[in-house]
$ cat coords27.pdb   # PDB, C-alpha atoms
ATOM      1  CA  MET A   1     -18.128   3.018   9.350
ATOM      2  CA  ALA A   2     -16.732  -0.482   8.871
ATOM      3  CA  ALA A   3     -16.475  -2.907  11.780
ATOM      4  CA  SER A   4     -12.688  -2.379  11.832
ATOM      5  CA  GLY A   5     -13.171   1.309  12.608
ATOM      6  CA  ILE A   6     -11.850   2.297   9.175
ATOM      7  CA  PRO A   7     -14.351   4.435   7.232
ATOM      8  CA  ASN A   8     -15.939   2.635   4.299
ATOM      9  CA  ARG A   9     -14.123   3.555   1.096
ATOM     10  CA  PRO A  10     -15.696   3.991  -2.329
ATOM     11  CA  PRO A  11     -15.552   0.762  -4.339
ATOM     12  CA  PHE A  12     -12.736   0.138  -6.772
ATOM     13  CA  ASP A  13     -13.602   0.150 -10.449
ATOM     14  CA  PRO A  14     -14.381  -3.542 -11.200
ATOM     15  CA  GLU A  15     -11.873  -3.773 -14.034
ATOM     16  CA  LEU A  16      -9.140  -2.167 -11.950
ATOM     17  CA  GLU A  17      -9.924  -4.318  -8.931
ATOM     18  CA  THR A  18      -9.188  -7.491 -10.877
ATOM     19  CA  MET A  19      -5.732  -6.117 -11.638
ATOM     20  CA  LEU A  20      -4.837  -5.158  -8.071
ATOM     21  CA  GLU A  21      -3.666  -8.649  -7.133
ATOM     22  CA  VAL A  22      -0.990  -8.555  -9.826
ATOM     23  CA  ILE A  23      -0.114  -4.937  -9.077
ATOM     24  CA  SER A  24       0.299  -5.658  -5.350
ATOM     25  CA  GLU A  25       3.028  -8.173  -6.199
ATOM     26  CA  MET A  26       5.051  -5.292  -7.682
ATOM     27  CA  VAL A  27       4.036  -2.590  -5.223
ATOM     28  CA  PRO A  28       2.540  -3.673  -1.880
ATOM     29  CA  PRO A  29      -0.220  -1.396  -0.530
ATOM     30  CA  THR A  30       1.845  -0.529   2.531
ATOM     31  CA  LEU A  31       5.493   0.474   2.244
ATOM     32  CA  THR A  32       7.811   0.301   5.233
ATOM     33  CA  ALA A  33      11.128   1.926   6.032
ATOM     34  CA  GLU A  34      12.806  -1.469   5.635
ATOM     35  CA  MET A  35      11.755  -1.569   1.964
ATOM     36  CA  LEU A  36      13.292   1.789   1.081
ATOM     37  CA  PRO A  37      16.923   0.763   0.472
ATOM     38  CA  MET A  38      15.817  -1.755  -2.154
ATOM     39  CA  MET A  39      13.361   0.702  -3.755
ATOM     40  CA  LYS A  40      15.997   3.430  -3.970
ATOM     41  CA  MET A  41      18.269   1.109  -5.946
ATOM     42  CA  GLY A  42      16.357   1.468  -9.199
ATOM     43  CA  SER A  43      13.116   1.022 -11.076
ATOM     44  CA  LEU A  44      10.203  -0.854  -9.593
ATOM     45  CA  PRO A  45       9.798  -4.460 -10.755
ATOM     46  CA  GLY A  46       8.040  -4.582 -14.104
ATOM     47  CA  MET A  47       8.599  -0.892 -14.836
ATOM     48  CA  PRO A  48      10.534   0.048 -18.001
ATOM     49  CA  THR A  49      14.160   1.133 -17.756
ATOM     50  CA  ARG A  50      15.444   4.472 -18.989
ATOM     51  CA  GLU A  51      16.823   2.860 -22.129
ATOM     52  CA  GLU A  52      13.562   1.037 -22.836
ATOM     53  CA  ILE A  53      11.529   4.231 -22.377
ATOM     54  CA  LEU A  54      13.692   6.165 -24.809
ATOM     55  CA  GLU A  55      13.897   3.436 -27.438
ATOM     56  CA  THR A  56      10.190   2.585 -27.408
ATOM     57  CA  ALA A  57       9.136   6.229 -27.598
ATOM     58  CA  ASP A  58      11.753   7.272 -30.202
ATOM     59  CA  LEU A  59      13.256   9.818 -27.804
ATOM     60  CA  GLN A  60      16.771  10.865 -26.915
ATOM     61  CA  SER A  61      18.162  12.356 -23.716
ATOM     62  CA  ARG A  62      21.253  13.987 -22.340
ATOM     63  CA  ASP A  63      22.243  14.743 -18.772
ATOM     64  CA  VAL A  64      23.402  18.094 -17.432
ATOM     65  CA  THR A  65      24.809  18.794 -13.984
ATOM     66  CA  ILE A  66      23.405  22.010 -12.532
ATOM     67  CA  PRO A  67      23.408  23.822  -9.167
ATOM     68  CA  GLY A  68      20.670  22.626  -6.827
ATOM     69  CA  PHE A  69      19.692  23.813  -3.361
ATOM     70  CA  GLU A  70      22.532  25.726  -1.676
ATOM     71  CA  GLY A  71      24.634  25.305  -4.814
ATOM     72  CA  ASP A  72      25.077  21.545  -4.496
ATOM     73  CA  GLU A  73      25.258  19.625  -7.769
ATOM     74  CA  ILE A  74      22.167  17.831  -9.075
ATOM     75  CA  VAL A  75      21.379  16.348 -12.491
ATOM     76  CA  VAL A  76      18.632  17.109 -14.974
ATOM     77  CA  SER A  77      17.911  15.152 -18.134
ATOM     78  CA  ILE A  78      16.784  16.861 -21.323
ATOM     79  CA  VAL A  79      14.415  14.522 -23.173
ATOM     80  CA  GLU A  80      13.232  15.274 -26.703
ATOM     81  CA  PRO A  81      12.276  13.584 -29.963
ATOM     82  CA  LYS A  82      15.162  12.271 -32.028
ATOM     83  CA  GLU A  83      16.253  14.683 -34.756
ATOM     84  CA  ARG A  84      14.127  17.460 -33.284
ATOM     85  CA  THR A  85      14.559  20.846 -34.957
ATOM     86  CA  GLY A  86      13.266  24.311 -34.204
ATOM     87  CA  ARG A  87      11.622  25.514 -31.024
ATOM     88  CA  GLY A  88       8.579  24.414 -29.088
ATOM     89  CA  PRO A  89       7.029  24.229 -25.632
ATOM     90  CA  GLY A  90       8.929  23.121 -22.542
ATOM     91  CA  ILE A  91       7.699  20.737 -19.856
ATOM     92  CA  PHE A  92       9.500  20.747 -16.511
ATOM     93  CA  HIS A  93       8.945  17.383 -14.793
ATOM     94  CA  THR A  94       9.095  16.496 -11.087
ATOM     95  CA  HIS A  95       8.870  12.736 -10.570
ATOM     96  CA  GLY A  96       6.794  10.799  -8.056
ATOM     97  CA  GLY A  97       7.779   8.312  -5.375
ATOM     98  CA  GLY A  98       6.404   9.618  -2.091
ATOM     99  CA  MET A  99       9.441  11.903  -1.626
ATOM    100  CA  ILE A 100      11.424   8.755  -0.737
ATOM    101  CA  PHE A 101      12.088   6.775  -3.953
ATOM    102  CA  GLY A 102      11.928   7.029  -7.733
ATOM    103  CA  ASP A 103      14.183   8.858 -10.162
ATOM    104  CA  ARG A 104      13.917  11.461 -12.877
ATOM    105  CA  PHE A 105      12.778   8.908 -15.473
ATOM    106  CA  THR A 106       9.849   7.690 -13.359
ATOM    107  CA  ALA A 107       6.685   8.053 -15.534
ATOM    108  CA  VAL A 108       8.512   9.955 -18.300
ATOM    109  CA  GLU A 109       6.998   7.615 -20.898
ATOM    110  CA  GLY A 110       3.631   9.280 -20.262
ATOM    111  CA  PHE A 111       4.922  12.485 -21.867
ATOM    112  CA  ALA A 112       6.292  10.947 -25.069
ATOM    113  CA  GLU A 113       3.286  11.604 -27.295
ATOM    114  CA  TRP A 114       3.157  15.277 -26.297
ATOM    115  CA  LEU A 115       6.877  15.708 -26.986
ATOM    116  CA  HIS A 116       6.368  14.441 -30.532
ATOM    117  CA  ARG A 117       3.055  16.180 -31.192
ATOM    118  CA  TYR A 118       4.110  19.637 -30.001
ATOM    119  CA  ASN A 119       7.848  19.446 -30.811
ATOM    120  CA  ALA A 120       8.369  19.876 -27.076
ATOM    121  CA  VAL A 121      11.288  19.377 -24.689
ATOM    122  CA  LEU A 122      11.012  17.702 -21.300
ATOM    123  CA  VAL A 123      13.450  18.655 -18.551
ATOM    124  CA  THR A 124      13.249  16.165 -15.692
ATOM    125  CA  VAL A 125      15.071  16.772 -12.410
ATOM    126  CA  GLU A 126      16.918  14.368 -10.105
ATOM    127  CA  TYR A 127      15.986  16.057  -6.843
ATOM    128  CA  ARG A 128      17.414  14.649  -3.645
ATOM    129  CA  LEU A 129      15.209  12.288  -1.671
ATOM    130  CA  ALA A 130      14.125  12.053   1.956
ATOM    131  CA  PRO A 131      14.907  10.949   4.594
ATOM    132  CA  GLU A 132      18.584  11.515   3.725
ATOM    133  CA  PHE A 133      17.674  14.926   2.316
ATOM    134  CA  PRO A 134      14.563  16.188   4.138
ATOM    135  CA  ASP A 135      12.581  19.334   3.409
ATOM    136  CA  PRO A 136      13.439  21.801   1.937
ATOM    137  CA  TYR A 137      15.900  19.856  -0.262
ATOM    138  CA  PRO A 138      13.365  18.224  -2.642
ATOM    139  CA  VAL A 139      11.281  21.294  -3.446
ATOM    140  CA  GLU A 140      14.290  23.638  -3.534
ATOM    141  CA  ASP A 141      16.179  21.276  -5.867
ATOM    142  CA  CYS A 142      13.132  21.237  -8.128
ATOM    143  CA  TYR A 143      12.838  25.018  -8.072
ATOM    144  CA  ALA A 144      16.529  25.333  -8.932
ATOM    145  CA  GLY A 145      15.903  23.022 -11.881
ATOM    146  CA  LEU A 146      13.012  25.163 -13.086
ATOM    147  CA  VAL A 147      15.099  28.344 -12.839
ATOM    148  CA  TRP A 148      17.916  26.675 -14.805
ATOM    149  CA  THR A 149      15.450  25.520 -17.464
ATOM    150  CA  ALA A 150      14.017  29.012 -17.916
ATOM    151  CA  GLU A 151      17.486  30.584 -18.023
ATOM    152  CA  HIS A 152      18.615  28.102 -20.701
ATOM    153  CA  ALA A 153      15.388  28.086 -22.727
ATOM    154  CA  ASP A 154      17.023  29.415 -25.877
ATOM    155  CA  GLU A 155      19.701  26.741 -26.070
ATOM    156  CA  LEU A 156      17.146  24.049 -25.173
ATOM    157  CA  GLY A 157      14.828  25.167 -27.974
ATOM    158  CA  ILE A 158      12.070  26.130 -25.544
ATOM    159  CA  GLU A 159       9.754  29.042 -26.219
ATOM    160  CA  HIS A 160       9.927  31.265 -23.139
ATOM    161  CA  GLU A 161       6.199  31.917 -23.074
ATOM    162  CA  ARG A 162       5.293  28.199 -23.299
ATOM    163  CA  LEU A 163       6.821  26.531 -20.238
ATOM    164  CA  LEU A 164       4.653  24.366 -17.980
ATOM    165  CA  ILE A 165       5.319  22.170 -14.962
ATOM    166  CA  ALA A 166       4.016  18.642 -14.467
ATOM    167  CA  GLY A 167       4.338  15.898 -11.891
ATOM    168  CA  GLY A 168       2.504  12.930 -10.423
ATOM    169  CA  SER A 169       1.981  11.908  -6.793
ATOM    170  CA  ALA A 170       4.877  13.360  -4.753
ATOM    171  CA  GLY A 171       5.959  14.980  -8.008
ATOM    172  CA  GLY A 172       2.534  16.599  -8.226
ATOM    173  CA  GLY A 173       2.994  18.018  -4.749
ATOM    174  CA  LEU A 174       6.457  19.255  -5.679
ATOM    175  CA  ALA A 175       5.081  20.802  -8.881
ATOM    176  CA  ALA A 176       2.476  22.653  -6.814
ATOM    177  CA  GLY A 177       5.141  23.784  -4.332
ATOM    178  CA  VAL A 178       7.485  24.944  -7.095
ATOM    179  CA  THR A 179       4.616  26.865  -8.704
ATOM    180  CA  LEU A 180       4.011  28.664  -5.402
ATOM    181  CA  LEU A 181       7.728  29.416  -5.114
ATOM    182  CA  ALA A 182       7.802  30.792  -8.650
ATOM    183  CA  ARG A 183       4.898  33.089  -7.802
ATOM    184  CA  ASP A 184       6.308  34.273  -4.476
ATOM    185  CA  ARG A 185       9.893  34.747  -5.706
ATOM    186  CA  ARG A 186       8.818  36.286  -9.012
ATOM    187  CA  GLY A 187      10.550  33.401 -10.730
ATOM    188  CA  PRO A 188       9.992  31.751 -14.106
ATOM    189  CA  HIS A 189       6.662  32.292 -15.826
ATOM    190  CA  LEU A 190       4.581  29.117 -16.126
ATOM    191  CA  ILE A 191       1.610  28.727 -18.443
ATOM    192  CA  GLY A 192       0.174  25.769 -16.542
ATOM    193  CA  GLN A 193       0.618  23.233 -13.778
ATOM    194  CA  MET A 194      -0.356  19.608 -14.323
ATOM    195  CA  LEU A 195      -0.830  18.009 -10.900
ATOM    196  CA  MET A 196      -1.566  14.317 -11.314
ATOM    197  CA  TYR A 197      -2.959  12.846  -8.054
ATOM    198  CA  PRO A 198      -0.704  15.230  -6.135
ATOM    199  CA  MET A 199       0.605  14.639  -2.589
ATOM    200  CA  LEU A 200      -0.277  17.933  -0.904
ATOM    201  CA  ASP A 201      -1.153  17.555   2.786
ATOM    202  CA  ASP A 202       0.991  16.207   5.626
ATOM    203  CA  ARG A 203      -1.672  16.451   8.332
ATOM    204  CA  ASP A 204      -3.368  13.031   7.942
ATOM    205  CA  ALA A 205      -6.750  14.573   8.675
ATOM    206  CA  THR A 206      -8.954  13.858   5.646
ATOM    207  CA  VAL A 207     -11.577  11.163   5.304
ATOM    208  CA  SER A 208      -9.881   9.710   2.236
ATOM    209  CA  THR A 209      -6.545   9.121   3.952
ATOM    210  CA  HIS A 210      -8.311   7.122   6.664
ATOM    211  CA  GLN A 211     -10.336   5.166   4.102
ATOM    212  CA  ILE A 212      -7.322   3.645   2.349
ATOM    213  CA  GLN A 213      -5.497   1.351   4.754
ATOM    214  CA  GLY A 214      -3.816  -1.886   3.758
ATOM    215  CA  GLU A 215      -5.242  -1.994   0.236
ATOM    216  CA  GLY A 216      -4.941  -0.343  -3.133
ATOM    217  CA  VAL A 217      -1.707   1.467  -3.944
ATOM    218  CA  TRP A 218      -0.013   3.901  -1.531
ATOM    219  CA  ASP A 219      -2.169   3.591   1.580
ATOM    220  CA  ARG A 220      -2.298   5.750   4.692
ATOM    221  CA  GLU A 221       0.740   4.124   6.343
ATOM    222  CA  SER A 222       2.808   4.583   3.185
ATOM    223  CA  ASN A 223       1.733   8.218   3.087
ATOM    224  CA  LEU A 224       2.749   8.768   6.700
ATOM    225  CA  LEU A 225       6.113   7.154   5.948
ATOM    226  CA  GLY A 226       6.645   9.611   3.102
ATOM    227  CA  TRP A 227       5.668  12.683   5.075
ATOM    228  CA  ASN A 228       7.564  11.632   8.212
ATOM    229  CA  SER A 229      10.646  11.015   6.096
ATOM    230  CA  LEU A 230      10.336  14.463   4.538
ATOM    231  CA  LEU A 231       9.386  16.493   7.603
ATOM    232  CA  GLY A 232      10.407  14.468  10.666
ATOM    233  CA  ALA A 233       8.963  15.771  13.924
ATOM    234  CA  ARG A 234       7.558  18.831  12.135
ATOM    235  CA  ARG A 235       4.902  16.767  10.328
ATOM    236  CA  GLY A 236       1.442  17.860  11.378
ATOM    237  CA  THR A 237       2.706  20.900  13.300
ATOM    238  CA  ASP A 238       2.539  24.575  12.414
ATOM    239  CA  ASP A 239       6.220  24.461  11.405
ATOM    240  CA  VAL A 240       5.582  23.245   7.840
ATOM    241  CA  SER A 241       5.850  25.559   4.840
ATOM    242  CA  ILE A 242       3.309  25.860   2.059
ATOM    243  CA  TYR A 243       6.032  24.855  -0.393
ATOM    244  CA  ALA A 244       6.529  21.477   1.305
ATOM    245  CA  ALA A 245       2.787  20.883   1.811
ATOM    246  CA  PRO A 246       0.854  23.127  -0.601
ATOM    247  CA  ALA A 247      -2.502  22.181   0.973
ATOM    248  CA  ARG A 248      -1.478  24.525   3.798
ATOM    249  CA  ALA A 249      -1.478  27.572   1.511
ATOM    250  CA  THR A 250      -4.221  30.047   2.348
ATOM    251  CA  ASP A 251      -3.687  32.208  -0.740
ATOM    252  CA  LEU A 252      -3.804  30.437  -4.094
ATOM    253  CA  SER A 253      -4.251  33.570  -6.163
ATOM    254  CA  GLY A 254      -1.919  34.480  -8.986
ATOM    255  CA  LEU A 255      -1.207  30.913 -10.090
ATOM    256  CA  PRO A 256      -1.190  29.515 -13.629
ATOM    257  CA  PRO A 257      -4.104  27.279 -14.714
ATOM    258  CA  ALA A 258      -4.076  23.905 -13.001
ATOM    259  CA  PHE A 259      -5.067  20.418 -14.065
ATOM    260  CA  ILE A 260      -5.726  18.166 -11.055
ATOM    261  CA  ASP A 261      -6.854  14.555 -11.119
ATOM    262  CA  CYS A 262      -7.115  11.660  -8.671
ATOM    263  CA  GLY A 263      -9.086   8.498  -8.018
ATOM    264  CA  SER A 264     -12.125   8.314  -5.764
ATOM    265  CA  ALA A 265     -10.504   5.403  -3.868
ATOM    266  CA  GLU A 266      -7.117   6.855  -2.997
ATOM    267  CA  VAL A 267      -5.515   8.678  -0.075
ATOM    268  CA  PHE A 268      -5.071  11.962  -1.943
ATOM    269  CA  ARG A 269      -8.684  12.408  -3.078
ATOM    270  CA  ASP A 270      -9.893  14.907  -0.479
ATOM    271  CA  GLU A 271      -6.769  17.075  -0.397
ATOM    272  CA  ASP A 272      -6.767  17.266  -4.205
ATOM    273  CA  VAL A 273     -10.426  18.273  -4.360
ATOM    274  CA  ALA A 274      -9.807  20.870  -1.644
ATOM    275  CA  TYR A 275      -6.836  22.309  -3.542
ATOM    276  CA  ALA A 276      -8.875  22.759  -6.701
ATOM    277  CA  SER A 277     -11.652  24.370  -4.659
ATOM    278  CA  ALA A 278      -9.169  26.771  -3.050
ATOM    279  CA  ILE A 279      -7.873  27.804  -6.487
ATOM    280  CA  TRP A 280     -11.431  28.532  -7.599
ATOM    281  CA  ALA A 281     -12.120  30.435  -4.364
ATOM    282  CA  ALA A 282      -9.099  32.625  -5.128
ATOM    283  CA  GLY A 283     -10.459  33.397  -8.589
ATOM    284  CA  GLY A 284      -8.108  31.021 -10.387
ATOM    285  CA  ARG A 285      -8.508  28.367 -13.078
ATOM    286  CA  ALA A 286      -8.476  24.666 -12.293
ATOM    287  CA  GLU A 287      -9.767  21.580 -14.038
ATOM    288  CA  LEU A 288     -10.540  18.737 -11.621
ATOM    289  CA  HIS A 289     -11.233  15.067 -12.342
ATOM    290  CA  VAL A 290     -12.060  12.486  -9.673
ATOM    291  CA  TRP A 291     -12.114   9.144 -11.441
ATOM    292  CA  PRO A 292     -14.739   6.789  -9.957
ATOM    293  CA  GLY A 293     -13.163   3.664  -8.519
ATOM    294  CA  GLY A 294      -9.618   4.724  -9.302
ATOM    295  CA  PHE A 295      -6.822   3.769  -6.917
ATOM    296  CA  HIS A 296      -3.605   5.775  -6.778
ATOM    297  CA  ALA A 297      -1.811   6.049 -10.135
ATOM    298  CA  PHE A 298      -4.208   3.534 -11.673
ATOM    299  CA  GLU A 299      -3.565   4.655 -15.244
ATOM    300  CA  GLY A 300       0.142   3.937 -14.885
ATOM    301  CA  PHE A 301      -0.274   0.514 -13.301
ATOM    302  CA  ALA A 302      -3.222  -0.566 -15.471
ATOM    303  CA  PRO A 303      -2.978   1.412 -18.718
ATOM    304  CA  GLN A 304      -5.239  -0.987 -20.614
ATOM    305  CA  ALA A 305      -8.276  -0.335 -18.384
ATOM    306  CA  ALA A 306     -11.144   1.734 -19.773
ATOM    307  CA  LEU A 307     -10.934   4.204 -16.863
ATOM    308  CA  SER A 308      -7.219   4.643 -17.552
ATOM    309  CA  HIS A 309      -7.951   5.570 -21.164
ATOM    310  CA  ASP A 310     -10.463   8.157 -19.973
ATOM    311  CA  ALA A 311      -7.953   9.687 -17.556
ATOM    312  CA  VAL A 312      -5.208   9.921 -20.163
ATOM    313  CA  GLU A 313      -7.606  11.447 -22.691
ATOM    314  CA  ALA A 314      -8.673  14.121 -20.195
ATOM    315  CA  ARG A 315      -5.046  15.144 -19.665
ATOM    316  CA  ASP A 316      -4.507  15.131 -23.407
ATOM    317  CA  ARG A 317      -7.445  17.487 -23.975
ATOM    318  CA  TRP A 318      -6.136  19.919 -21.338
ATOM    319  CA  ILE A 319      -2.654  19.912 -22.854
ATOM    320  CA  ARG A 320      -4.136  20.439 -26.311
ATOM    321  CA  ARG A 321      -6.065  23.483 -25.104
ATOM    322  CA  LEU A 322      -2.968  24.792 -23.357
ATOM    323  CA  LEU A 323      -0.455  24.239 -26.146
ATOM    324  CA  GLY A 324      -2.729  24.218 -29.175
TER     325      GLY A 324
END
$ encode --input "coords27.pdb" --output "structure tokens"
Amino acid sequence: MAASGIPNRPPFDPELETMLEVISEMVPPTLTAEMLPMMKMGSLPGMPTREEILETADLQSRDVTIPGFEGDEIVVSIVEPKERTGRGPGIFHTHGGGMIFGDRFTAVEGFAEWLHRYNAVLVTVEYRLAPEFPDPYPVEDCYAGLVWTAEHADELGIEHERLLIAGGSAGGGLAAGVTLLARDRRGPHLIGQMLMYPMLDDRDATVSTHQIQGEGVWDRESNLLGWNSLLGARRGTDDVSIYAAPARATDLSGLPPAFIDCGSAEVFRDEDVAYASAIWAAGGRAELHVWPGGFHAFEGFAPQAALSHDAVEARDRWIRRLLG
């Protein structure tokens, strides 16, 4: 235990640690409610725009307005290689941002190579954000987007038997929640769930959440801001569904294979490891990676680092086994 009372955290990877000073100028370790209006206005400083993502990756997109939770209108974007022909796998994407910021193009560039390699289509959903739209809006909007995608697979050029869900951070938590909803409502069939450093547990009770305070990316206070915005006074009580906080699920049987990764020096480490363990305990399939010295979303903020290359390659191998 450190003198401050905060448990000692694992060390950051040396290469990543040298980059944190620059990264913290774009994204401070601790987010506050006062920062949210500015962050909701658009992309984070230094992050590529929608147009830049599409142009650099030789992709095209179109927007479709669909019914979301309770029939309200939401938007999904269909992203695919230019001049794509024929059919291929579908990837349903739920973006990150702590449930409180980000948009449907957040981190989409990370899927570009798979879209080209597998002739795939990405459907990314503009779910409504907390605190203006608290639980269950985000996860129900995402589930509505998945149902729409499955129902329109033929016109989207998606093979029905090759649809997977993927998301990072809050999007990883939403992907896990949507996967549980699909199981429990006998909804669309998914062949896999890619949960990249997913946000799964609102209870603020793990060692790792207490280890990351005032440093790294997305610390404990930021995490509490996200969960409080989503759940309000229900956070940490028994009145929280497994779809909002999948770490609360006691039955993880009957789920598609999962890929779960995280850094050893991030808030979500312990809840992510526990989720993989619970899938195994239920007789399911999960691949888990805990990257030594990784802070939250390190491969996105520092893609040139050696550890980032390793993380991306591990995801690539899983996708290759899944999609062939």
$ residues_around --input "coords27.pdb" --residues "range 91-102 of chain A" --least-positions-apart "5" --cutoff "7 Å" --atoms "all atoms listed in the file" --output "list in words"
Met39, Lys40, Ser43, Val121, Leu122, Val123, Thr124, Val125, Leu129, Ala130, Pro131, Cys142, Leu146, Leu163, Leu164, Ile165, Ala166, Gly167, Gly168, Ser169, Ala170, Gly171, Leu174, Ala175, Gly226 and Leu230 of chain A
$ resolve_selection --input "coords27.pdb" --expression "the PyMOL selection byres ((chain A and resi 280) around 12)" --output "ChimeraX atom specification"
/A:251-258,273-279,281-288
$ residues_around --input "coords27.pdb" --residues "Leu54 in chain A" --least-positions-apart "5" --cutoff "9 Å" --atoms "only C-alpha atoms" --output "PyMOL selection string"
chain A and resi 49+59-61+79+109+112
$ resolve_selection --input "coords27.pdb" --expression "the PyMOL selection byres ((chain A and resi 139) around 8)" --output "PyMOL selection string"
chain A and resi 127+135-138+140-143+174+177-178+243-244
$ closest_residue --input "coords27.pdb" --among "A:Thr30, A:Thr206, A:Ser24, A:Asn8" --to "Asp219 in chain A" --atoms "all atoms listed in the file"
A:Thr30
$ resolve_selection --input "coords27.pdb" --expression "the PyMOL selection byres ((chain A and resi 157) around 7)" --output "list in words"
Gly86, Arg87, Gly88, Ala153, Asp154, Glu155, Leu156, Ile158 and Glu159 of chain A
$ atom_distance --input "coords27.pdb" --atom1 "CA of Phe133 in chain A" --atom2 "CA of Thr250 in chain A"
26.6 Å
$ residues_around --input "coords27.pdb" --residues "Glu17 in chain A" --least-positions-apart "5" --cutoff "12 Å" --atoms "all atoms listed in the file" --output "PyMOL selection string"
chain A and resi 11-12+22-24+215-217+265+293-295+298+301-302+305+307
$ atom_distance --input "coords27.pdb" --atom1 "CA of Arg321 in chain A" --atom2 "CA of Pro48 in chain A"
29.6 Å
$ residues_around --input "coords27.pdb" --residues "His116 in chain A" --least-positions-apart "3" --cutoff "10 Å" --atoms "only C-alpha atoms" --output "list in words"
Ala57, Asp58, Leu59, Glu80, Pro81, Lys82, Arg84, Phe111, Ala112, Glu113, Asn119, Ala120 and Val121 of chain A
$ build_atoms --input "coords27.pdb" --residues "range 147-158 of chain A" --atoms "N, CA and C atoms" --output "PDB file, keeping the file's coordinate frame"
ATOM      1  N   VAL A 147      14.390  27.097 -12.534  1.00  0.00           N
ATOM      2  CA  VAL A 147      15.099  28.344 -12.839  1.00  0.00           C
ATOM      3  C   VAL A 147      16.154  28.097 -13.918  1.00  0.00           C
ATOM      4  N   TRP A 148      16.899  27.003 -13.786  1.00  0.00           N
ATOM      5  CA  TRP A 148      17.916  26.675 -14.805  1.00  0.00           C
ATOM      6  C   TRP A 148      17.263  26.475 -16.171  1.00  0.00           C
ATOM      7  N   THR A 149      16.146  25.771 -16.197  1.00  0.00           N
ATOM      8  CA  THR A 149      15.450  25.520 -17.464  1.00  0.00           C
ATOM      9  C   THR A 149      15.037  26.829 -18.128  1.00  0.00           C
ATOM     10  N   ALA A 150      14.451  27.730 -17.354  1.00  0.00           N
ATOM     11  CA  ALA A 150      14.017  29.012 -17.916  1.00  0.00           C
ATOM     12  C   ALA A 150      15.209  29.828 -18.403  1.00  0.00           C
ATOM     13  N   GLU A 151      16.311  29.800 -17.644  1.00  0.00           N
ATOM     14  CA  GLU A 151      17.486  30.584 -18.023  1.00  0.00           C
ATOM     15  C   GLU A 151      18.152  30.031 -19.283  1.00  0.00           C
ATOM     16  N   HIS A 152      17.982  28.732 -19.544  1.00  0.00           N
ATOM     17  CA  HIS A 152      18.615  28.102 -20.701  1.00  0.00           C
ATOM     18  C   HIS A 152      17.602  27.738 -21.790  1.00  0.00           C
ATOM     19  N   ALA A 153      16.457  28.414 -21.774  1.00  0.00           N
ATOM     20  CA  ALA A 153      15.388  28.086 -22.727  1.00  0.00           C
ATOM     21  C   ALA A 153      15.847  28.195 -24.172  1.00  0.00           C
ATOM     22  N   ASP A 154      16.611  29.224 -24.484  1.00  0.00           N
ATOM     23  CA  ASP A 154      17.023  29.415 -25.877  1.00  0.00           C
ATOM     24  C   ASP A 154      17.852  28.238 -26.373  1.00  0.00           C
ATOM     25  N   GLU A 155      18.846  27.835 -25.606  1.00  0.00           N
ATOM     26  CA  GLU A 155      19.701  26.741 -26.070  1.00  0.00           C
ATOM     27  C   GLU A 155      18.982  25.403 -26.031  1.00  0.00           C
ATOM     28  N   LEU A 156      17.933  25.277 -25.227  1.00  0.00           N
ATOM     29  CA  LEU A 156      17.146  24.049 -25.173  1.00  0.00           C
ATOM     30  C   LEU A 156      16.069  24.008 -26.253  1.00  0.00           C
ATOM     31  N   GLY A 157      15.879  25.107 -26.960  1.00  0.00           N
ATOM     32  CA  GLY A 157      14.828  25.167 -27.974  1.00  0.00           C
ATOM     33  C   GLY A 157      13.439  25.274 -27.372  1.00  0.00           C
ATOM     34  N   ILE A 158      13.355  25.944 -26.227  1.00  0.00           N
ATOM     35  CA  ILE A 158      12.070  26.130 -25.544  1.00  0.00           C
ATOM     36  C   ILE A 158      11.605  27.567 -25.735  1.00  0.00           C
TER      37      ILE A 158
END
